[in-house]
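Chemist: Quick one, protein.tsv (TSV, C-alpha atoms and all ligand atoms):
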```tsv
chain	number	residue	atom	x	y	z
A	14	MET	CA	-44.42	5.21	11.63
A	15	ALA	CA	-40.92	4.33	12.73
A	16	LYS	CA	-39.77	6.48	15.62
A	17	LEU	CA	-36.31	7.88	15.07
A	18	ASN	CA	-33.36	8.37	17.37
A	19	GLU	CA	-33.81	12.09	17.73
A	20	ASN	CA	-30.52	12.42	19.56
A	21	PHE	CA	-29.01	12.79	16.09
A	22	GLY	CA	-30.61	16.24	16.06
A	23	ASN	CA	-28.36	17.19	19.00
A	24	LEU	CA	-25.12	16.58	17.08
A	25	LYS	CA	-23.11	19.53	15.86
A	26	LYS	CA	-24.22	20.27	12.32
A	27	ASN	CA	-21.13	20.28	10.19
A	28	TYR	CA	-18.64	17.52	10.54
A	29	LEU	CA	-15.22	19.17	10.55
A	30	PHE	CA	-13.72	17.49	7.51
A	31	ILE	CA	-16.84	18.04	5.40
A	32	GLU	CA	-16.57	21.78	6.01
A	33	ILE	CA	-12.85	21.72	5.18
A	34	ALA	CA	-13.51	19.82	1.96
A	35	LYS	CA	-16.21	22.33	1.05
A	36	ARG	CA	-13.86	25.29	1.50
A	37	ILE	CA	-11.08	23.60	-0.50
A	38	LYS	CA	-13.53	22.84	-3.31
A	39	ALA	CA	-14.80	26.41	-3.43
A	40	TYR	CA	-11.24	27.77	-3.44
A	41	SER	CA	-10.13	25.35	-6.16
A	42	GLU	CA	-13.06	26.27	-8.42
A	43	GLN	CA	-12.28	29.97	-8.10
A	44	ASN	CA	-8.49	29.57	-8.32
A	45	PRO	CA	-7.80	26.55	-10.54
A	46	GLU	CA	-4.16	27.51	-11.18
A	47	LYS	CA	-3.17	28.20	-7.58
A	48	ALA	CA	-5.06	25.11	-6.44
A	49	LYS	CA	-2.45	23.01	-8.26
A	50	ARG	CA	0.08	23.86	-5.57
A	51	LEU	CA	-2.14	22.84	-2.63
A	52	ILE	CA	-0.30	21.00	0.13
A	53	ARG	CA	-2.56	18.97	2.40
A	54	MET	CA	-1.53	18.77	6.02
A	55	GLY	CA	-5.02	18.40	7.34
A	56	ILE	CA	-6.61	14.99	7.53
A	57	GLY	CA	-5.03	12.48	9.92
A	58	ASP	CA	-4.42	9.71	7.43
A	59	VAL	CA	-1.14	7.93	6.81
A	60	THR	CA	0.51	8.11	3.39
A	61	LEU	CA	3.22	5.42	3.42
A	62	PRO	CA	2.17	1.92	2.26
A	63	LEU	CA	1.91	-1.29	4.24
A	64	ALA	CA	5.23	-2.86	5.21
A	65	PRO	CA	6.49	-5.63	2.86
A	66	VAL	CA	6.21	-8.40	5.50
A	67	VAL	CA	2.64	-7.33	6.16
A	68	VAL	CA	1.70	-7.54	2.48
A	69	GLU	CA	3.42	-10.92	2.20
A	70	ALA	CA	1.41	-12.29	5.13
A	71	MET	CA	-1.85	-10.93	3.72
A	72	VAL	CA	-1.19	-12.44	0.27
A	73	LYS	CA	-0.29	-15.81	1.76
A	74	ALA	CA	-3.41	-15.84	3.93
A	75	SER	CA	-5.58	-14.82	0.97
A	76	ARG	CA	-4.24	-17.80	-0.99
A	77	GLU	CA	-5.09	-20.09	1.93
A	78	MET	CA	-8.66	-18.85	1.67
A	79	GLY	CA	-8.81	-20.16	-1.91
A	80	VAL	CA	-7.80	-23.73	-1.00
A	81	LYS	CA	-10.34	-26.18	0.43
A	82	GLU	CA	-8.00	-27.54	3.11
A	83	THR	CA	-6.99	-24.15	4.48
A	84	PHE	CA	-10.15	-22.14	3.83
A	85	ARG	CA	-11.62	-20.43	6.92
A	86	GLY	CA	-15.19	-19.34	7.47
A	87	TYR	CA	-16.56	-17.77	10.64
A	88	GLU	CA	-14.09	-17.57	13.44
A	89	ASP	CA	-15.26	-19.57	16.49
A	90	SER	CA	-15.26	-16.74	19.01
A	91	GLY	CA	-15.14	-13.60	16.89
A	92	ALA	CA	-12.69	-12.24	19.45
A	93	GLY	CA	-9.73	-12.69	17.16
A	94	TYR	CA	-7.51	-15.65	16.36
A	95	ASP	CA	-5.22	-16.87	19.15
A	96	PHE	CA	-2.15	-16.21	17.01
A	97	LEU	CA	-2.97	-12.50	16.87
A	98	ARG	CA	-4.13	-12.11	20.45
A	99	GLU	CA	-0.90	-13.76	21.61
A	100	ALA	CA	1.13	-11.44	19.36
A	101	VAL	CA	-0.64	-8.38	20.83
A	102	SER	CA	-0.09	-9.69	24.35
A	103	GLY	CA	3.62	-10.10	23.58
A	104	TYR	CA	3.72	-6.56	22.20
A	105	TYR	CA	2.26	-5.22	25.46
A	106	LYS	CA	4.89	-7.17	27.39
A	107	SER	CA	7.64	-5.49	25.33
A	108	PHE	CA	6.81	-2.16	26.98
A	109	GLY	CA	6.04	-3.42	30.42
A	110	ALA	CA	2.27	-3.92	30.38
A	111	ASP	CA	0.87	-7.24	31.52
A	112	VAL	CA	-2.11	-8.00	29.28
A	113	SER	CA	-3.14	-11.61	28.71
A	114	PRO	CA	-4.49	-12.83	25.34
A	115	ASP	CA	-7.94	-13.52	26.85
A	116	GLU	CA	-8.29	-9.85	27.80
A	117	ILE	CA	-7.81	-8.76	24.17
A	118	ARG	CA	-10.49	-8.65	21.47
A	119	ILE	CA	-9.50	-7.92	17.88
A	120	SER	CA	-11.59	-5.29	16.10
A	121	ASP	CA	-11.87	-3.61	12.74
A	122	GLY	CA	-10.34	-0.47	14.22
A	123	ALA	CA	-10.40	1.87	17.17
A	124	LYS	CA	-13.13	4.18	15.92
A	125	SER	CA	-15.80	1.47	15.93
A	126	ASP	CA	-14.86	0.27	19.40
A	127	CYS	CA	-14.73	3.85	20.77
A	128	GLY	CA	-18.37	4.11	19.75
A	129	ASN	CA	-19.49	0.52	20.40
A	130	ILE	CA	-18.12	0.32	23.94
A	131	ILE	CA	-20.94	2.66	25.03
A	132	ASP	CA	-23.35	-0.27	24.59
A	133	ILE	CA	-22.12	-1.84	27.84
A	134	PHE	CA	-22.90	1.29	29.88
A	135	GLY	CA	-26.33	2.47	30.95
A	136	SER	CA	-27.89	5.90	30.71
A	137	GLY	CA	-27.39	8.71	33.20
A	138	ASN	CA	-23.62	8.39	33.52
A	139	VAL	CA	-21.52	11.51	33.90
A	140	VAL	CA	-19.28	11.26	30.85
A	141	LEU	CA	-16.07	13.27	30.99
A	142	VAL	CA	-14.22	14.15	27.81
A	143	THR	CA	-11.16	16.35	27.47
A	144	ASP	CA	-11.59	19.43	25.30
A	145	PRO	CA	-10.25	19.49	22.58
A	146	ALA	CA	-10.76	15.85	21.61
A	147	TYR	CA	-11.22	13.38	18.78
A	148	PRO	CA	-14.91	14.03	17.84
A	149	VAL	CA	-15.99	10.36	18.08
A	150	TYR	CA	-16.12	10.35	21.90
A	151	VAL	CA	-18.63	13.18	22.14
A	152	ASP	CA	-20.65	12.31	19.02
A	153	SER	CA	-21.19	8.69	19.96
A	154	ASN	CA	-22.37	9.67	23.45
A	155	ILE	CA	-24.74	12.31	22.06
A	156	MET	CA	-26.19	9.71	19.66
A	157	ASN	CA	-26.92	7.51	22.67
A	158	GLY	CA	-28.62	10.34	24.54
A	159	ASN	CA	-25.82	10.86	27.07
A	160	SER	CA	-24.70	14.31	28.07
A	161	VAL	CA	-21.01	15.11	28.30
A	162	ILE	CA	-18.94	17.30	30.60
A	163	PHE	CA	-15.49	18.56	29.71
A	164	ALA	CA	-12.05	18.77	31.26
A	165	ASN	CA	-10.21	21.68	29.73
A	166	SER	CA	-6.92	21.10	27.95
A	167	THR	CA	-5.38	24.53	27.62
A	168	GLU	CA	-2.13	26.34	26.95
A	169	GLU	CA	-1.69	26.64	30.75
A	170	ASN	CA	-1.73	22.88	31.35
A	171	GLY	CA	0.16	22.03	28.17
A	172	PHE	CA	-3.06	20.67	26.63
A	173	ALA	CA	-3.01	17.79	29.08
A	174	ALA	CA	-6.15	18.22	31.22
A	175	MET	CA	-5.90	16.80	34.72
A	176	PRO	CA	-8.75	15.58	36.93
A	177	ASP	CA	-10.71	18.04	39.03
A	178	LYS	CA	-11.29	16.18	42.30
A	179	SER	CA	-14.35	18.29	43.11
A	180	VAL	CA	-16.16	16.98	40.03
A	181	HIS	CA	-17.51	13.44	39.84
A	182	ALA	CA	-17.40	11.39	36.64
A	183	ASP	CA	-18.50	7.82	35.81
A	184	LEU	CA	-16.91	7.46	32.39
A	185	ILE	CA	-13.70	9.19	31.32
A	186	TYR	CA	-12.26	9.38	27.82
A	187	LEU	CA	-8.50	9.94	27.61
A	188	CYS	CA	-6.28	9.91	24.54
A	189	SER	CA	-2.49	9.96	24.84
A	190	PRO	CA	-0.60	10.77	22.67
A	191	ASN	CA	-3.47	13.08	21.91
A	192	ASN	CA	-5.27	13.80	18.72
A	193	PRO	CA	-5.42	16.74	17.97
A	194	THR	CA	-2.91	18.30	20.40
A	195	GLY	CA	-0.04	15.80	20.23
A	196	SER	CA	0.37	16.21	23.98
A	197	VAL	CA	0.96	13.22	26.25
A	198	TYR	CA	0.43	12.13	29.82
A	199	THR	CA	3.52	11.22	31.79
A	200	THR	CA	3.49	8.24	34.14
A	201	GLU	CA	2.78	10.53	37.12
A	202	GLN	CA	-0.07	12.33	35.36
A	203	LEU	CA	-1.68	9.12	34.22
A	204	LYS	CA	-1.41	7.74	37.73
A	205	GLU	CA	-3.40	10.76	38.92
A	206	TRP	CA	-6.17	9.88	36.47
A	207	VAL	CA	-6.14	6.24	37.58
A	208	ASP	CA	-6.38	7.30	41.25
A	209	TYR	CA	-9.22	9.67	40.39
A	210	ALA	CA	-11.08	6.91	38.51
A	211	LEU	CA	-10.67	4.48	41.42
A	212	GLU	CA	-11.92	7.07	43.92
A	213	ASN	CA	-14.98	7.74	41.75
A	214	ASN	CA	-15.59	4.09	40.80
A	215	ALA	CA	-15.30	5.38	37.26
A	216	VAL	CA	-14.13	3.65	34.09
A	217	ILE	CA	-11.45	5.20	31.89
A	218	ILE	CA	-11.70	4.57	28.17
A	219	TYR	CA	-8.13	5.03	27.04
A	220	ASP	CA	-7.41	5.62	23.36
A	221	ALA	CA	-3.81	4.61	22.66
A	222	ALA	CA	-3.95	4.85	18.85
A	223	TYR	CA	-0.69	6.81	18.73
A	224	GLU	CA	1.36	4.83	21.28
A	225	ALA	CA	3.89	3.81	18.62
A	226	PHE	CA	4.89	7.46	18.17
A	227	ILE	CA	6.11	7.85	21.74
A	228	THR	CA	9.81	8.66	21.96
A	229	GLU	CA	10.20	9.93	25.53
A	230	ASP	CA	11.01	7.63	28.43
A	231	ASN	CA	8.56	8.84	31.03
A	232	VAL	CA	5.55	8.54	28.74
A	233	PRO	CA	3.71	5.21	29.11
A	234	ARG	CA	2.78	3.33	25.94
A	235	SER	CA	-0.30	1.87	27.63
A	236	ILE	CA	-2.46	2.81	30.59
A	237	PHE	CA	-1.73	-0.69	31.85
A	238	CYS	CA	1.84	0.43	32.58
A	239	ILE	CA	0.20	2.20	35.56
A	240	GLU	CA	-0.41	0.26	38.75
A	241	ASN	CA	-4.08	-0.61	39.41
A	242	ALA	CA	-5.19	0.59	35.96
A	243	LYS	CA	-6.59	-2.86	35.28
A	244	LYS	CA	-9.22	-2.19	37.93
A	245	CYS	CA	-10.54	0.92	36.19
A	246	ALA	CA	-9.53	1.13	32.54
A	247	ILE	CA	-10.38	-0.14	29.08
A	248	GLU	CA	-7.78	0.45	26.38
A	249	ILE	CA	-8.60	0.85	22.72
A	250	CYS	CA	-5.78	0.62	20.19
A	251	SER	CA	-5.34	0.44	16.46
A	252	LEU	CA	-2.85	-0.50	13.77
A	253	SER	CA	-4.05	2.42	11.63
A	254	LYS	CA	-1.29	4.90	12.48
A	255	THR	CA	1.25	2.33	13.72
A	256	ALA	CA	1.31	0.23	10.58
A	257	SER	CA	-0.62	2.08	7.84
A	258	PHE	CA	-3.80	0.05	8.45
A	259	THR	CA	-6.22	2.96	7.90
A	260	GLY	CA	-7.59	1.24	4.79
A	261	THR	CA	-6.88	-2.34	5.90
A	262	ARG	CA	-8.79	-2.02	9.21
A	263	CYS	CA	-7.58	-3.74	12.35
A	264	GLY	CA	-7.38	-2.78	16.00
A	265	TYR	CA	-7.75	-4.30	19.45
A	266	THR	CA	-9.51	-3.49	22.67
A	267	VAL	CA	-8.42	-4.62	26.11
A	268	VAL	CA	-11.03	-5.09	28.82
A	269	PRO	CA	-9.12	-6.48	31.82
A	270	ASN	CA	-10.45	-9.47	33.77
A	271	ASP	CA	-10.12	-7.40	36.96
A	272	LEU	CA	-12.41	-4.62	35.72
A	273	ILE	CA	-15.55	-5.03	37.80
A	274	GLN	CA	-18.46	-2.63	38.43
A	275	LYS	CA	-21.58	-3.10	40.52
A	276	ASP	CA	-25.03	-3.24	38.94
A	277	SER	CA	-28.02	-1.48	40.52
A	278	LYS	CA	-28.73	-4.54	42.69
A	279	GLY	CA	-25.21	-4.46	44.06
A	280	ASN	CA	-23.96	-7.48	42.12
A	281	ASP	CA	-20.46	-7.55	40.68
A	282	VAL	CA	-20.36	-7.47	36.89
A	283	ARG	CA	-17.18	-8.20	34.96
A	284	LEU	CA	-17.10	-5.75	32.09
A	285	CYS	CA	-15.18	-8.17	29.87
A	286	GLU	CA	-18.15	-10.54	30.06
A	287	ILE	CA	-20.75	-8.06	28.91
A	288	TRP	CA	-18.37	-6.64	26.29
A	289	GLY	CA	-17.85	-10.19	25.02
A	290	ARG	CA	-21.59	-10.68	24.94
A	291	ARG	CA	-22.08	-7.40	23.07
A	292	GLN	CA	-19.48	-8.29	20.48
A	293	GLY	CA	-20.75	-11.86	20.21
A	294	SER	CA	-24.20	-10.53	19.31
A	295	LYS	CA	-23.24	-7.66	17.01
A	296	PHE	CA	-19.81	-8.43	15.54
A	297	ASN	CA	-18.46	-11.41	13.61
A	298	GLY	CA	-14.76	-10.72	13.69
A	299	VAL	CA	-12.05	-9.41	11.40
A	300	SER	CA	-11.14	-11.13	8.14
A	301	TYR	CA	-8.51	-13.85	8.34
A	302	PRO	CA	-6.05	-12.27	5.84
A	303	VAL	CA	-6.18	-8.99	7.77
A	304	GLN	CA	-5.51	-10.76	11.07
A	305	ARG	CA	-2.51	-12.53	9.49
A	306	ALA	CA	-1.32	-9.15	8.20
A	307	ALA	CA	-1.70	-7.70	11.70
A	308	GLU	CA	0.23	-10.63	13.18
A	309	ALA	CA	3.12	-9.78	10.85
A	310	VAL	CA	3.24	-6.23	12.27
A	311	PHE	CA	4.31	-7.70	15.62
A	312	THR	CA	7.17	-9.83	14.26
A	313	PRO	CA	10.68	-8.40	14.68
A	314	GLN	CA	10.88	-7.71	10.96
A	315	GLY	CA	7.41	-6.16	10.93
A	316	GLN	CA	8.34	-3.90	13.84
A	317	LYS	CA	11.51	-2.85	12.07
A	318	GLN	CA	9.70	-1.99	8.83
A	319	CYS	CA	6.83	-0.16	10.57
A	320	ARG	CA	9.28	1.83	12.69
A	321	GLU	CA	10.95	3.10	9.51
A	322	ASN	CA	7.64	4.62	8.40
A	323	ILE	CA	7.06	6.17	11.81
A	324	LYS	CA	10.58	7.65	11.74
A	325	TYR	CA	9.77	9.19	8.38
A	326	TYR	CA	6.73	10.96	9.85
A	327	GLN	CA	8.70	11.97	12.94
A	328	GLU	CA	11.19	13.77	10.74
A	329	ASN	CA	8.29	15.76	9.24
A	330	ALA	CA	7.10	16.60	12.75
A	331	ARG	CA	10.60	17.82	13.56
A	332	ILE	CA	10.62	20.05	10.45
A	333	ILE	CA	7.26	21.59	11.44
A	334	GLY	CA	8.33	22.02	15.07
A	335	SER	CA	11.61	23.72	14.21
A	336	THR	CA	9.80	26.09	11.84
A	337	CYS	CA	7.43	27.06	14.66
A	338	ASP	CA	10.44	27.57	16.94
A	339	GLU	CA	12.02	29.81	14.34
A	340	LEU	CA	8.82	31.83	13.96
A	341	GLY	CA	8.25	32.05	17.69
A	342	ILE	CA	4.95	30.18	17.40
A	343	LYS	CA	3.85	28.25	20.48
A	344	TYR	CA	2.92	24.61	19.95
A	345	THR	CA	2.50	21.23	21.58
A	346	GLY	CA	3.09	17.80	20.06
A	347	GLY	CA	5.42	16.50	17.40
A	348	VAL	CA	7.79	14.74	19.78
A	349	ASN	CA	5.53	11.81	20.70
A	350	SER	CA	2.95	12.22	18.01
A	351	PRO	CA	2.43	12.93	14.30
A	352	TYR	CA	0.51	16.12	15.16
A	353	ILE	CA	1.71	19.65	15.79
A	354	TRP	CA	-0.85	21.80	17.59
A	355	LEU	CA	0.08	25.42	17.14
A	356	LYS	CA	-1.24	28.71	18.40
A	357	CYS	CA	-2.64	30.86	15.61
A	358	PRO	CA	-0.53	34.03	15.34
A	359	ASN	CA	-1.89	37.35	16.68
A	360	GLY	CA	-4.79	35.71	18.48
A	361	MET	CA	-6.40	34.73	15.18
A	362	ASP	CA	-9.49	32.56	15.09
A	363	SER	CA	-8.66	29.06	13.82
A	364	TRP	CA	-11.07	29.15	10.86
A	365	ASP	CA	-9.65	32.56	9.83
A	366	PHE	CA	-6.14	31.12	10.04
A	367	PHE	CA	-7.33	28.15	7.96
A	368	ASP	CA	-8.68	30.52	5.29
A	369	MET	CA	-5.50	32.58	5.38
A	370	LEU	CA	-3.23	29.57	4.83
A	371	LEU	CA	-5.50	28.24	2.08
A	372	ASN	CA	-5.77	31.57	0.26
A	373	GLU	CA	-2.26	32.95	0.75
A	374	ILE	CA	0.02	29.91	0.65
A	375	GLN	CA	-2.25	27.03	-0.43
A	376	VAL	CA	-1.52	24.97	2.68
A	377	VAL	CA	-4.37	23.03	4.27
A	378	GLY	CA	-4.44	22.30	7.98
A	379	THR	CA	-7.20	21.63	10.49
A	380	PRO	CA	-8.84	24.40	12.53
A	381	GLY	CA	-8.66	23.65	16.23
A	382	ALA	CA	-12.24	24.85	16.73
A	383	GLY	CA	-13.40	21.60	15.14
A	384	PHE	CA	-12.11	19.65	18.16
A	385	GLY	CA	-13.68	21.71	20.92
A	386	LYS	CA	-13.93	25.21	22.35
A	387	ASN	CA	-10.35	25.22	23.66
A	388	GLY	CA	-9.16	24.81	20.09
A	389	ALA	CA	-10.73	28.09	18.96
A	390	ASN	CA	-7.34	29.78	18.44
A	391	TRP	CA	-5.25	26.71	17.70
A	392	PHE	CA	-4.45	24.78	14.56
A	393	ARG	CA	-3.41	21.21	13.78
A	394	LEU	CA	-0.78	20.29	11.22
A	395	THR	CA	-0.07	16.64	10.52
A	396	ALA	CA	3.27	14.99	9.82
A	397	PHE	CA	1.80	12.51	7.34
A	398	SER	CA	2.93	14.33	4.20
A	399	THR	CA	6.25	13.84	2.38
A	400	HIS	CA	9.51	15.49	3.50
A	401	GLU	CA	9.47	17.57	0.32
A	402	LYS	CA	5.93	18.87	0.74
A	403	THR	CA	6.35	19.42	4.47
A	404	SER	CA	9.50	21.48	3.89
A	405	GLU	CA	7.87	23.41	1.05
A	406	ALA	CA	4.81	24.18	3.20
A	407	MET	CA	7.05	25.40	6.02
A	408	GLU	CA	9.04	27.62	3.64
A	409	ARG	CA	5.79	29.20	2.48
A	410	LEU	CA	4.66	29.66	6.08
A	411	LYS	CA	7.93	31.41	6.96
A	412	GLU	CA	7.59	33.75	4.01
A	413	LEU	CA	3.97	34.54	4.91
A	414	LEU	CA	4.50	35.19	8.60
A	415	LYS	CA	7.82	37.05	8.33
A	416	LYS	CA	6.20	39.61	6.04
A	501	LIG	C1	-6.84	7.64	13.86
A	501	LIG	C2	-7.38	7.50	15.23
A	501	LIG	C3	-7.88	6.28	15.66
A	501	LIG	C4	-7.83	5.07	14.78
A	501	LIG	O1	-9.06	4.75	14.26
A	501	LIG	P1	-9.22	3.47	13.36
A	501	LIG	O2	-10.69	3.27	13.33
A	501	LIG	O3	-8.51	2.35	14.05
A	501	LIG	O4	-8.63	3.76	12.04
A	501	LIG	C5	-8.36	6.19	16.96
A	501	LIG	N1	-8.33	7.23	17.79
A	501	LIG	C6	-7.83	8.40	17.41
A	501	LIG	C7	-7.75	9.50	18.40
A	501	LIG	C8	-7.35	8.58	16.11
A	501	LIG	O5	-6.88	9.75	15.74
```
Any chance you could put this one into structure tokens?
Ligand SMILES: *Cc1c(COP(=O)(O)O)cnc(C)c1O
Modeler:
Amino acid sequence: MAKLNENFGNLKKNYLFIEIAKRIKAYSEQNPEKAKRLIRMGIGDVTLPLAPVVVEAMVKASREMGVKETFRGYEDSGAGYDFLREAVSGYYKSFGADVSPDEIRISDGAKSDCGNIIDIFGSGNVVLVTDPAYPVYVDSNIMNGNSVIFANSTEENGFAAMPDKSVHADLIYLCSPNNPTGSVYTTEQLKEWVDYALENNAVIIYDAAYEAFITEDNVPRSIFCIENAKKCAIEICSLSKTASFTGTRCGYTVVPNDLIQKDSKGNDVRLCEIWGRRQGSKFNGVSYPVQRAAEAVFTPQGQKQCRENIKYYQENARIIGSTCDELGIKYTGGVNSPYIWLKCPNGMDSWDFFDMLLNEIQVVGTPGAGFGKNGANWFRLTAFSTHEKTSEAMERLKELLKK
């Protein structure tokens, strides 16, 4: 009999979005007419299409694949074509982070690498995750049999948990701008985390999937904008939210050459080497047309076109934020992120608030409880809808809460 990985039994039962879908389905079956006016501001998926230069590059590369002379099979290294790794390196340079092409590996997205990176770490690590957090960090560690401790992101600290120097950690997951809270770490705050990691000989796994949404000056776009971060951090990034690649699939992970840990015999191990070995054994790279499409994102024209989409979402975030201001609802996010994280009125539980919005005004958001215990009375709205629907949803919310 095949023995199973029984760690799966330790995962939380209902995945958040499955439960949400179930409640929407039940509501729609009972209220078919009202369900027609549903406005979805729940799932964190983009809605605007790929930029024209990106499509052009993907079409051109696809045609090359159909011609004997330009056809490409397996990529030599599987780490990503030089043209794309150089483009990503140049992008890092544009906001003051020094990342060389050989420190970058192209992936099929940030979610896979957030999970896969665990392969290079052993068992028994103290894994620190902020609460609330993107569920992948906790779930993938539970699947591997690791236990997790939490750093609390709360109203008091602006949903930006800071290190507790009396607690030791070996692995630290940080996400800024944050999903779900939209909060960010400033340069000073991130430096505190880097110092803490260095003191603990810990490794930070930094999820920068929303870096392109940053508008404020003192908020770093990469952890590698912080001095000495290359000695303690891995950064995982994605074109999903930056350039509408959620269905196209492309991201990149930076494991710096200077990131070294000791093995149990006291020998130095460069993490980029074992990560390269892991990927070499289990991953065969991203398709050529997608890598050409990704390259186009980093051209001046690509940047201009992608920024227009991001500006569109940012306007939605502004509409949601100003509605909350008007209603006296506390929230974080929106300024450097496509998420608004708001406090449920009158101390309501987040699933009750979810049901209320669904039943009373047919607006769907995401209950904060799904992201951790500190989200129990908080609620996430996304800025990925249209201006029209966002405004309409906010009008309905005003009417409901002013009653
Ligand atoms: C959307 C998102 C990602 C991106 O995942 P992909 O697999 O690249 O689509 C990564 N991290 C967080 C926190 C996200 O919300």
Chemist: Please tabulate, as a Markdown table, the residues of chain A that come within 7 Å of ligand LIG 501 (chain A), each with its closest pair of atoms and the distance in Å to one decimal, counting only C-alpha atoms and all ligand atoms and ordering rows by chain, then residue number upward.
Modeler:
```
| residue | atom | partner | partner_atom | distance |
| --- | --- | --- | --- | --- |
| A:Gly57 | CA | A:LIG501 | C1 | 6.5 |
| A:Asp121 | CA | A:LIG501 | O3 | 7.0 |
| A:Gly122 | CA | A:LIG501 | O3 | 3.4 |
| A:Ala123 | CA | A:LIG501 | O3 | 3.7 |
| A:Lys124 | CA | A:LIG501 | O2 | 3.7 |
| A:Ser125 | CA | A:LIG501 | O2 | 6.0 |
| A:Tyr147 | CA | A:LIG501 | C7 | 5.2 |
| A:Cys188 | CA | A:LIG501 | C7 | 6.3 |
| A:Asn191 | CA | A:LIG501 | C7 | 6.6 |
| A:Asn192 | CA | A:LIG501 | C7 | 5.0 |
| A:Asp220 | CA | A:LIG501 | N1 | 5.9 |
| A:Ala222 | CA | A:LIG501 | C5 | 5.0 |
| A:Cys250 | CA | A:LIG501 | C5 | 6.9 |
| A:Ser251 | CA | A:LIG501 | O3 | 4.4 |
| A:Leu252 | CA | A:LIG501 | O3 | 6.3 |
| A:Ser253 | CA | A:LIG501 | O4 | 4.8 |
| A:Lys254 | CA | A:LIG501 | C1 | 6.3 |
| A:Thr259 | CA | A:LIG501 | O4 | 4.9 |
| A:Arg262 | CA | A:LIG501 | O4 | 6.4 |
| A:Cys263 | CA | A:LIG501 | O3 | 6.4 |
| A:Gly264 | CA | A:LIG501 | O3 | 5.6 |
```
Chemist: Between A:Ile133, A:Leu97, A:Ile239, A:Leu203, which residue has the minimum interatomic distance to Ala306 of chain A, considering all atoms listed in the file?
Modeler: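 Among the listed residues, A:Leu97 lies closest to Ala306 of chain A.
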Chemist: List as JSON, numbers by chain the protein and nucleic acid residues near Lys25 of chain A, meaning an atom at most 12 Å away when all atoms listed in the file are counted, but skip any in the same chain fewer than 6 places from it.
Modeler: {"A": [148, 149, 151, 152, 153, 155, 156, 383, 384, 385]}
Chemist: Write out as a list in words which residues come within 7 Å of Ala70 of chain A when counting all atoms listed in the file, dropping same-chain ones fewer than 4 positions away.
Modeler: Val66, Ala74, Arg305, Ala306 and Ala309 of chain A
Chemist: List the neighbours of Thr194 of chain A out to 10 Å using all atoms listed in the file; skip same-chain residues closer than 2 positions along the sequence, and give me the result as a PyMOL selection string.
Modeler: chain A and resi 145-147+166-167+171-173+188-192+196-197+344-347+350-355+381+384+388+391-394
Chemist: Would you put the residues from that selection into a file with C-alpha atoms, as a compact mmCIF listing (two decimals), keeping the file's coordinate frame?
Modeler:
```txt
# COMPACT_ATOMS: atom_id res chain seq x y z
CA PRO A 145 -10.25 19.49 22.58
CA ALA A 146 -10.76 15.85 21.61
CA TYR A 147 -11.22 13.38 18.78
CA SER A 166 -6.92 21.10 27.95
CA THR A 167 -5.38 24.53 27.62
CA GLY A 171 0.16 22.03 28.17
CA PHE A 172 -3.06 20.67 26.63
CA ALA A 173 -3.01 17.79 29.08
CA CYS A 188 -6.28 9.91 24.54
CA SER A 189 -2.49 9.96 24.84
CA PRO A 190 -0.60 10.77 22.67
CA ASN A 191 -3.47 13.08 21.91
CA ASN A 192 -5.27 13.80 18.72
CA SER A 196 0.37 16.21 23.98
CA VAL A 197 0.96 13.22 26.25
CA TYR A 344 2.92 24.61 19.95
CA THR A 345 2.50 21.23 21.58
CA GLY A 346 3.09 17.80 20.06
CA GLY A 347 5.42 16.50 17.40
CA SER A 350 2.95 12.22 18.01
CA PRO A 351 2.43 12.93 14.30
CA TYR A 352 0.51 16.12 15.16
CA ILE A 353 1.71 19.65 15.79
CA TRP A 354 -0.85 21.80 17.59
CA LEU A 355 0.08 25.42 17.14
CA GLY A 381 -8.66 23.65 16.23
CA PHE A 384 -12.11 19.65 18.16
CA GLY A 388 -9.16 24.81 20.09
CA TRP A 391 -5.25 26.71 17.70
CA PHE A 392 -4.45 24.78 14.56
CA ARG A 393 -3.41 21.21 13.78
CA LEU A 394 -0.78 20.29 11.22
```
Chemist: Separation of atom CA of Leu61 of chain A and atom CA of Val232 of chain A, in Å?
Modeler: 25.6 Å
Chemist: For Asn154 of chain A, find every residue with an atom within 10 Å (counting all atoms listed in the file), except residues of its own chain fewer than 2 positions away, and show them as a list in words.
Modeler: Asn20, Leu24, Cys127, Gly128, Ile131, Ser136, Val140, Val149, Tyr150, Val151, Asp152, Met156, Asn157, Gly158, Asn159, Ser160 and Val161 of chain A
Chemist: Draw an axis-aligned box tight on the listed atoms of segment 331-343 of chain A, then pad every side by 6 Å and write out centre and edge lengths in Å to one decimal as AutoDock Vina command-line options.
Modeler:
```
--center_x 7.9 --center_y 24.9 --center_z 15.5 --size_x 20.2 --size_y 26.2 --size_z 22.0
```
